[in-house]
Every structure is written in structure tokens, then in C-alpha cells.
Amino acid sequence: MSTSTASPSTNSPKPIHVDIAGKAIDLPVVVGSENEHAIDISHLRSATGYITLDDGFGNTGSCSSAITYIDGEAGILRYRGIPIEQLAEHSTFTETALLLMYGELPTKEKLNKFRGLLIQHEMLHEGLRQMFDGFPASGHPMAILSAMINAVSCYHPDVMQMEDDATFKSAAARLMSKVRTIAAAAYKTSIGHPIVYPRPELPYCANFLHMMYSLPNQPYEPDPDIVRALDLILILHADHEQNCSTSTVRMVGSSGANLFASCAAGVCALWGPLHGGANAAVISMLKYIIDNKIDLKDYIAKVKDKDSHIRLMGFGHRVYKNYDPRAKILKGQADKVLKKLGVAHDPMLELAQRLEEVALSDSYFVDRHLYPNVDFYSGIIMRALGIPVEMFTVMFSIGRMPGWIAHWKEQHDDANSRIFRPRQVYTGHTLRDYVPMDNR
Ligand code: ACO
């Protein structure tokens with residue numbers, strides 16, 4: 001297996017010669033370390049006056065990146081070259097986070113040092129803690145999470161400046177650690193329970209479960225299998241190259257905005273039901289089908305009818321045209337976790353499995369290469385762990401944080417990076433005069 005992280009080469013392949021309206025240009029071809037080919041159009045407009053138009057950026061590379069590799073056709077996902085299946089089996093979320101941010105698996109010493117930083121930064125400033133009183137109990141945890149991430153930077157202005165690796169590492173640990181404390185505090189506030197302080201002796205996920213489920217008069221001792229299941233979910237969500245939220249983090253970061261502002265924007269982008277919000281939408285869909293005793297074939301027929309504007313949530317992906325490898329791992333885990341929790345039959349899991357079967361034998365889904373994505377089974381596991389549906393996308397945010405941080409760092413460290421500023425094709429009115437109010 002190749003372990004090279006060679007930067008894209010512009011030397012070997014021949015440039016592509018294009019002639020647009022009599023103006024010729026040779027467009028360099030960039031080749032990635034997995035032999036992906038891209039046409040570099042950075043001089044297209046200055047040479048020809050033309051820009052490209054790519055709705056939804058389906059054909060546009062926004063950057064070169066050495067963090068995550070996906071082959072959507074083959075269903076391959078690797079972090080820094082390491083297959084997701086190996087990380088799922090052997091790694092922990094904290095170790096995977098360091099791998100993503102620094103490019104290598106950490107030594108024991110580096111891992112322990114980073115764990116120390118996570119402990120050091122796990123508490124919230126009293127001022128931040130009091131901010132939870134200002135949110136209505138019905139406030140969506142994603143809104144609270146995004147607001148609080150920005151608020152952290154108000155209390156720790158040093159995170160605005162990244163002078164060296166030590167300040168970056170400390171800011172990264174602060175963000176990863178506090179986001180977990182904030183998420184649990186948002187949940188506790190929403191159910192009218194007192195906020196629970198973290199316990200420094202607990203590892204990352206066990207500490208989160210403790211803050212979620214302990215009460216001052218009733219400690220919660222997390223079961224190691226449940227902790228492992230949560231750790232696995234976070235590993236599987238840790239990065240996914242240039243998806244909507246990560247591109248948002250890079251977009252905001254490209255202006256020079258600090259790590260916290262950029263990741264708060266990532267939370268907002270993740271919130272949408274076509275992205276991270278899909279895990280909650282899957283549960284709503286399954287619940288709707290069960291509660292209304294809807295026949296699966298009828299539901300699938302509705303999904304296929306474009307006028308219904310209903311999608312099979314947790315199905316389909318911009319990049320994967322094969323089974324999402326994360327969904328494959330989670331599908332196997334769902335059974336295990338439910339058994340461990342003593343759930344012999346979970347109607348939601350059974351329904352999801354039947355839905356998958358029906359969909360994957362239907363030419364609508366087969367022809368369009370629509371397979372279950374990571375959100376199809378993750379919600380079922382999180383629900384079994386007792387995580388409320390409104391918190392699902394928050395869990396995704398906690399998991400994705402190392403990926404966002406890694407991408408922010410990669411861009412920040414790149415001396416050649418420029419502000420993101422796409423162009424457009426204007427389709428509005430041509431020149432016209434202002435009409436005074438009385439003449440309208
Ligand atoms: N159910 C029914 N039809 C679908 C679905 C679906 N879930 N997904 C795509 N299609 C159909 C489209 O209607 C379209 O059909 P057409 O060619 O006849 O017009 C075709 O498949 C291609 O779909 P697009 O919308 O062009 O695909 P795109 O890459 O833009 O969208 C997306 C990808 C947003 C993930 C889409 O598949 C979807 O809406 N899925 C459901 C929501 C979901 O699960 N999102 C989570 C994605 S994973 C993540 O963000 C972590």
C-alpha cells in the first residue's frame with residue numbers, strides 16, 4: 001500500500017489545449033496521489049474571458065488536500081491513507097483526531113499529551129455556563145452549539161491568533177473538548193436538569209455520556225460497550241473531504257477568520273436535512289411509516305414520484321455511487337448495540353433493513369446508484385444509546401470537529417491559499433433607470 005502524500009503534480013500529463021471563441025489556452029492537468037485528474041482553470045478567465053459554471057460544484061475541486069481520500073464509485077474512504085474499516089476496528093476518536101490534524105498516528109506520548117489538553121480545557125468559563133440560561137428550553141441544540149462555539153472565542157481571545165503549533169494545538173483541544181461539554185449542557189438545559197461538570201479521569205466519549213446522563217444525586221457509569229459504540233460513530237463522522245460543512249469551514253477560514261468562527265459556520269451548514277440533519281430526518285421518516293402503518297411499497301412509490309418532493313432519507317450521496325462504507329460498518333454495529341442493550345426486536349431497525357432491501361431491488365435506486373449513506377443507520381444506534389433525536393446532528397458536529405479543524409489548519413498553513421470568491425453568471429435585469437416612488 002502506498003503511504004505517499006505527494007502533492008499534486010502539474011508536470012507529467014500534457015496540458016489540455018482549448019480554443020474558446022478564437023482565444024487559445026493550454027490548461028495544466030493536476031494529478032492527485034490516487035491518480036485523480038483535474039484541469040487547472042485558474043487562468044481561464046484572464047486568457048479567454050470565460051468562466052465555468054458548475055451548479056452544486058459537482059465537478060469542481062475547490063482545493064488540493066492531503067487529509068481524506070474517497071473513491072465514491074468503489075465505496076472507499078481513507079483518513080490520511082488509512083482505510084476507515086481499520087480505524088473503526090483499532091483506533092479511538094482522540095487518536096483519529098490527531099491523525100487527521102497532523103497526518104500521522106500519534107505516539108503514545110503525543111496522544112497522552114493531547115488527552116491532557118482535552119482535560120485541561122473541558123470546563124466552561126462561568127460566563128459561558130450562564131449563557132445557557134438565556135436560551136429558551138425549546139431552542140434547537142444546533143443553534144445553541146453554533147452560538148456557543150463563537151462565544152468561547154470571546155472568553156479566550158488568545159484563540160484568535162495562531163502564532164505557532166502550541167497555540168494551534170491548544171485551540172484545537174479547547175474546541176474539541178468544549179464542544180462536548182457544550183453539547184451535553186445544551187441537552188441538560190433543554191430538559192430542565194442542572195448542568196453536570198466533566199470528570200477528568202474519564203476518556204472522551206465516557207465523559208460525554210457522564211455529562212449527558214448523570215444527575216447530582218444519581219451518577220451514571222457508562223458501559224464500556226456503549227462508550228465504544230459512541231467512539232465508533234464519532235470516528236466514522238470525523239472527516240469526509242470537501243462536503244458542504246467542511247467547504248463552509250474552508251470558505252469562512254479563507255477570509256482569515258479564526259478557527260472558532262469557521263467551525264461555528266460549519267455547524268450551521270451541517271444542520272440542514274440534506275447534510276447532517278439527515279440522521280434525524282431518517283428517524284422521523286421511520287417513525288412516520290410505523291405510526292401511520294404505511295406499506296413500504298407505497299412509501300417507495302411516493303419517494304419515486306417527483307411531485308411528492310419526498311426523498312428516502314439516509315439514501316443517496318453526491319460522491320458515493322456505491323454502498324457508503326460508513327453505513328456498512330454502522331449497519332453491523334446496530335444489531336450488536338441493540339443486543340447489548342437488551343433490545344431483541346427494534347421496529348425501527350427492522351423497518352430500516354426492510355426499506356433498504358426494497359429500495360436496493362428497485363430499478364429507480366439501482367439505476368441512480370442510490371445506496372444507504374452514513375445517516376441511515378447512525379440514528380438508530382444513537383436512539384438506542386438514549387441520545388434524543390434533536391441531538392443527533394450535534395453528535396455529528398462533535399464527530400466532524402477534528403475534520404473541520406484539520407481542514408482549517410491545512411488551509412491556514414498553506415502560504416498560497418487565497419480567499420474563496422466564486423464568480424457567477426448574472427441573469428438579472430440589464431441596465432435600467434431608478435423609478436421615483438410616485439411613478440411606480
Ligand atoms: N430519494 C429519492 N430520490 C433520490 C434520493 C433520495 N434520497 N437522492 C437522490 N435521488 C434522485 C434524485 O431525485 C435525482 O433523480 P433524477 O435524476 O431523476 O432527477 C437523482 O437521484 C440524483 O439526485 P441529486 O439530487 O442530483 O443528487 P445530489 O448529489 O445533488 O444529492 C443528496 C445528494 C443531497 C445526498 C441526495 O441523495 C439526498 O437528498 N438524499 C437524502 C438526504 C440524505 O440522506 N442526506 C445525507 C447525505 S450524507 C451526509 O451529508 C452526511
# chains A, B, ... in the order shown; residues from 1 in each chain; ligands from 1
call {"tool": "select_by_dssp", "arguments": {"residues": "region 248-423 of chain A", "states": "helix (DSSP H, G or I)", "output": "ChimeraX atom specification"}}
result
/A:248-253,259-271,278-291,296-304,306-308,325-340,347-360,363-367,374-384,389-413
call {"tool": "residues_near_ligand", "arguments": {"ligand": "ligand 1", "cutoff": "9 Å", "atoms": "only C-alpha atoms and all ligand atoms", "output": "PyMOL selection string"}}
result
chain A and resi 56+58+237+240+243-245+270+272-279+281-282+300+303-306+309-320+324+364-365+367-376+396
call {"tool": "residues_around", "arguments": {"residues": "Ser153 (chain A)", "least_positions_apart": "2", "cutoff": "12 Å", "atoms": "only C-alpha atoms", "output": "PDB file with N, CA, C and O atoms, in the first residue's frame"}}
result
ATOM      1  N   LEU A 124     -16.257  24.860  31.244  1.00  0.00           N
ATOM      2  CA  LEU A 124     -16.705  26.103  30.598  1.00  0.00           C
ATOM      3  C   LEU A 124     -16.491  27.258  31.564  1.00  0.00           C
ATOM      4  O   LEU A 124     -16.706  27.115  32.771  1.00  0.00           O
ATOM      5  N   HIS A 125     -16.077  28.393  31.038  1.00  0.00           N
ATOM      6  CA  HIS A 125     -15.993  29.620  31.824  1.00  0.00           C
ATOM      7  C   HIS A 125     -17.378  29.872  32.446  1.00  0.00           C
ATOM      8  O   HIS A 125     -18.401  29.617  31.786  1.00  0.00           O
ATOM      9  N   LEU A 128     -19.762  31.610  30.319  1.00  0.00           N
ATOM     10  CA  LEU A 128     -20.326  30.783  29.235  1.00  0.00           C
ATOM     11  C   LEU A 128     -21.439  29.897  29.782  1.00  0.00           C
ATOM     12  O   LEU A 128     -22.474  29.698  29.137  1.00  0.00           O
ATOM     13  N   SER A 146     -23.766  26.337  17.775  1.00  0.00           N
ATOM     14  CA  SER A 146     -23.053  27.273  16.906  1.00  0.00           C
ATOM     15  C   SER A 146     -22.803  28.602  17.635  1.00  0.00           C
ATOM     16  O   SER A 146     -21.701  29.162  17.571  1.00  0.00           O
ATOM     17  N   ALA A 147     -23.827  29.085  18.360  1.00  0.00           N
ATOM     18  CA  ALA A 147     -23.674  30.350  19.101  1.00  0.00           C
ATOM     19  C   ALA A 147     -22.597  30.213  20.175  1.00  0.00           C
ATOM     20  O   ALA A 147     -21.761  31.108  20.358  1.00  0.00           O
ATOM     21  N   MET A 148     -22.594  29.077  20.851  1.00  0.00           N
ATOM     22  CA  MET A 148     -21.658  28.902  21.969  1.00  0.00           C
ATOM     23  C   MET A 148     -20.217  28.743  21.485  1.00  0.00           C
ATOM     24  O   MET A 148     -19.284  29.153  22.161  1.00  0.00           O
ATOM     25  N   ILE A 149     -20.046  28.130  20.318  1.00  0.00           N
ATOM     26  CA  ILE A 149     -18.665  27.979  19.806  1.00  0.00           C
ATOM     27  C   ILE A 149     -18.073  29.365  19.545  1.00  0.00           C
ATOM     28  O   ILE A 149     -16.922  29.654  19.891  1.00  0.00           O
ATOM     29  N   ASN A 150     -18.869  30.250  18.958  1.00  0.00           N
ATOM     30  CA  ASN A 150     -18.388  31.619  18.753  1.00  0.00           C
ATOM     31  C   ASN A 150     -18.153  32.309  20.088  1.00  0.00           C
ATOM     32  O   ASN A 150     -17.190  33.056  20.258  1.00  0.00           O
ATOM     33  N   ALA A 151     -19.058  32.027  21.045  1.00  0.00           N
ATOM     34  CA  ALA A 151     -18.946  32.686  22.350  1.00  0.00           C
ATOM     35  C   ALA A 151     -17.659  32.272  23.069  1.00  0.00           C
ATOM     36  O   ALA A 151     -17.050  33.086  23.769  1.00  0.00           O
ATOM     37  N   TYR A 155     -14.377  34.502  25.309  1.00  0.00           N
ATOM     38  CA  TYR A 155     -13.789  34.295  26.642  1.00  0.00           C
ATOM     39  C   TYR A 155     -12.316  33.893  26.563  1.00  0.00           C
ATOM     40  O   TYR A 155     -11.624  33.903  27.571  1.00  0.00           O
ATOM     41  N   HIS A 156     -11.888  33.490  25.397  1.00  0.00           N
ATOM     42  CA  HIS A 156     -10.488  33.061  25.249  1.00  0.00           C
ATOM     43  C   HIS A 156      -9.920  33.730  24.001  1.00  0.00           C
ATOM     44  O   HIS A 156      -9.673  33.063  22.984  1.00  0.00           O
ATOM     45  N   PRO A 157      -9.730  35.066  24.052  1.00  0.00           N
ATOM     46  CA  PRO A 157      -9.325  35.784  22.837  1.00  0.00           C
ATOM     47  C   PRO A 157      -8.005  35.292  22.250  1.00  0.00           C
ATOM     48  O   PRO A 157      -7.740  35.513  21.070  1.00  0.00           O
ATOM     49  N   ASP A 158      -7.198  34.577  23.055  1.00  0.00           N
ATOM     50  CA  ASP A 158      -5.923  34.063  22.534  1.00  0.00           C
ATOM     51  C   ASP A 158      -6.133  33.102  21.362  1.00  0.00           C
ATOM     52  O   ASP A 158      -5.241  32.930  20.530  1.00  0.00           O
ATOM     53  N   VAL A 159      -7.352  32.477  21.274  1.00  0.00           N
ATOM     54  CA  VAL A 159      -7.559  31.515  20.186  1.00  0.00           C
ATOM     55  C   VAL A 159      -7.686  32.202  18.823  1.00  0.00           C
ATOM     56  O   VAL A 159      -7.672  31.544  17.793  1.00  0.00           O
ATOM     57  N   MET A 160      -7.816  33.529  18.840  1.00  0.00           N
ATOM     58  CA  MET A 160      -7.949  34.261  17.573  1.00  0.00           C
ATOM     59  C   MET A 160      -6.601  34.287  16.820  1.00  0.00           C
ATOM     60  O   MET A 160      -6.566  34.470  15.619  1.00  0.00           O
ATOM     61  N   GLN A 161      -5.517  34.188  17.549  1.00  0.00           N
ATOM     62  CA  GLN A 161      -4.187  34.256  16.939  1.00  0.00           C
ATOM     63  C   GLN A 161      -3.556  32.881  16.966  1.00  0.00           C
ATOM     64  O   GLN A 161      -3.481  32.273  18.018  1.00  0.00           O
ATOM     65  N   ALA A 171      -5.757  25.433  20.968  1.00  0.00           N
ATOM     66  CA  ALA A 171      -7.069  25.879  20.467  1.00  0.00           C
ATOM     67  C   ALA A 171      -7.881  24.688  19.967  1.00  0.00           C
ATOM     68  O   ALA A 171      -9.100  24.592  20.206  1.00  0.00           O
ATOM     69  N   ARG A 174      -9.097  22.789  22.905  1.00  0.00           N
ATOM     70  CA  ARG A 174     -10.154  23.566  23.574  1.00  0.00           C
ATOM     71  C   ARG A 174     -11.474  23.393  22.827  1.00  0.00           C
ATOM     72  O   ARG A 174     -12.522  23.166  23.418  1.00  0.00           O
ATOM     73  N   LEU A 175     -11.405  23.471  21.508  1.00  0.00           N
ATOM     74  CA  LEU A 175     -12.624  23.361  20.697  1.00  0.00           C
ATOM     75  C   LEU A 175     -13.223  21.954  20.802  1.00  0.00           C
ATOM     76  O   LEU A 175     -14.420  21.790  21.079  1.00  0.00           O
ATOM     77  N   LYS A 178     -14.444  21.452  24.544  1.00  0.00           N
ATOM     78  CA  LYS A 178     -15.580  22.270  24.985  1.00  0.00           C
ATOM     79  C   LYS A 178     -16.855  21.957  24.200  1.00  0.00           C
ATOM     80  O   LYS A 178     -17.949  22.084  24.712  1.00  0.00           O
ATOM     81  N   ALA A 257     -10.684  34.253   8.890  1.00  0.00           N
ATOM     82  CA  ALA A 257     -11.471  34.129  10.129  1.00  0.00           C
ATOM     83  C   ALA A 257     -10.859  33.047  11.020  1.00  0.00           C
ATOM     84  O   ALA A 257     -10.286  32.072  10.518  1.00  0.00           O
ATOM     85  N   ASN A 258     -11.006  33.215  12.321  1.00  0.00           N
ATOM     86  CA  ASN A 258     -10.367  32.293  13.256  1.00  0.00           C
ATOM     87  C   ASN A 258     -11.051  30.915  13.254  1.00  0.00           C
ATOM     88  O   ASN A 258     -12.143  30.733  12.716  1.00  0.00           O
ATOM     89  N   LEU A 259     -10.375  29.975  13.897  1.00  0.00           N
ATOM     90  CA  LEU A 259     -10.838  28.576  13.911  1.00  0.00           C
ATOM     91  C   LEU A 259     -12.247  28.440  14.482  1.00  0.00           C
ATOM     92  O   LEU A 259     -13.073  27.676  13.968  1.00  0.00           O
ATOM     93  N   PHE A 260     -12.541  29.200  15.527  1.00  0.00           N
ATOM     94  CA  PHE A 260     -13.843  29.059  16.192  1.00  0.00           C
ATOM     95  C   PHE A 260     -14.967  29.601  15.309  1.00  0.00           C
ATOM     96  O   PHE A 260     -16.016  28.971  15.170  1.00  0.00           O
ATOM     97  N   ALA A 261     -14.737  30.762  14.708  1.00  0.00           N
ATOM     98  CA  ALA A 261     -15.752  31.344  13.810  1.00  0.00           C
ATOM     99  C   ALA A 261     -15.987  30.404  12.630  1.00  0.00           C
ATOM    100  O   ALA A 261     -17.137  30.173  12.208  1.00  0.00           O
ATOM    101  N   SER A 262     -14.908  29.828  12.101  1.00  0.00           N
ATOM    102  CA  SER A 262     -15.027  28.962  10.922  1.00  0.00           C
ATOM    103  C   SER A 262     -15.806  27.690  11.276  1.00  0.00           C
ATOM    104  O   SER A 262     -16.669  27.246  10.506  1.00  0.00           O
ATOM    105  N   CYS A 263     -15.508  27.104  12.446  1.00  0.00           N
ATOM    106  CA  CYS A 263     -16.203  25.854  12.823  1.00  0.00           C
ATOM    107  C   CYS A 263     -17.648  26.124  13.247  1.00  0.00           C
ATOM    108  O   CYS A 263     -18.517  25.267  13.049  1.00  0.00           O
ATOM    109  N   ALA A 264     -17.924  27.304  13.802  1.00  0.00           N
ATOM    110  CA  ALA A 264     -19.317  27.651  14.129  1.00  0.00           C
ATOM    111  C   ALA A 264     -20.131  27.695  12.835  1.00  0.00           C
ATOM    112  O   ALA A 264     -21.289  27.240  12.788  1.00  0.00           O
TER     113      ALA A 264
END
call {"tool": "closest_residue", "arguments": {"among": "A:Ser33, A:Asn217, A:Ser363, A:Asn112", "to": "Val196 (chain A)", "atoms": "only C-alpha atoms"}}
result
A:Asn217
call {"tool": "residues_around", "arguments": {"residues": "His193 (chain A)", "least_positions_apart": "2", "cutoff": "10 Å", "atoms": "only C-alpha atoms", "output": "ChimeraX atom specification"}}
result
/A:185,187-191,195-196,212-216
call {"tool": "write_last_selection", "arguments": {"atoms": "C-alpha atoms", "output": "PDB file, in the first residue's frame"}}
result
ATOM      1  CA  ALA A 185     -25.014  21.269  28.725  1.00  0.00           C
ATOM      2  CA  TYR A 187     -29.197  18.900  26.374  1.00  0.00           C
ATOM      3  CA  LYS A 188     -29.374  19.258  30.152  1.00  0.00           C
ATOM      4  CA  THR A 189     -30.747  22.792  29.809  1.00  0.00           C
ATOM      5  CA  SER A 190     -33.384  21.605  27.335  1.00  0.00           C
ATOM      6  CA  ILE A 191     -34.748  19.057  29.830  1.00  0.00           C
ATOM      7  CA  ILE A 195     -25.551  21.107  34.003  1.00  0.00           C
ATOM      8  CA  VAL A 196     -23.152  18.315  35.013  1.00  0.00           C
ATOM      9  CA  MET A 212     -25.437  13.713  29.424  1.00  0.00           C
ATOM     10  CA  TYR A 213     -26.888  11.192  31.840  1.00  0.00           C
ATOM     11  CA  SER A 214     -25.541  11.815  35.365  1.00  0.00           C
ATOM     12  CA  LEU A 215     -27.615  13.710  37.889  1.00  0.00           C
ATOM     13  CA  PRO A 216     -26.216  15.355  41.017  1.00  0.00           C
TER      14      PRO A 216
END
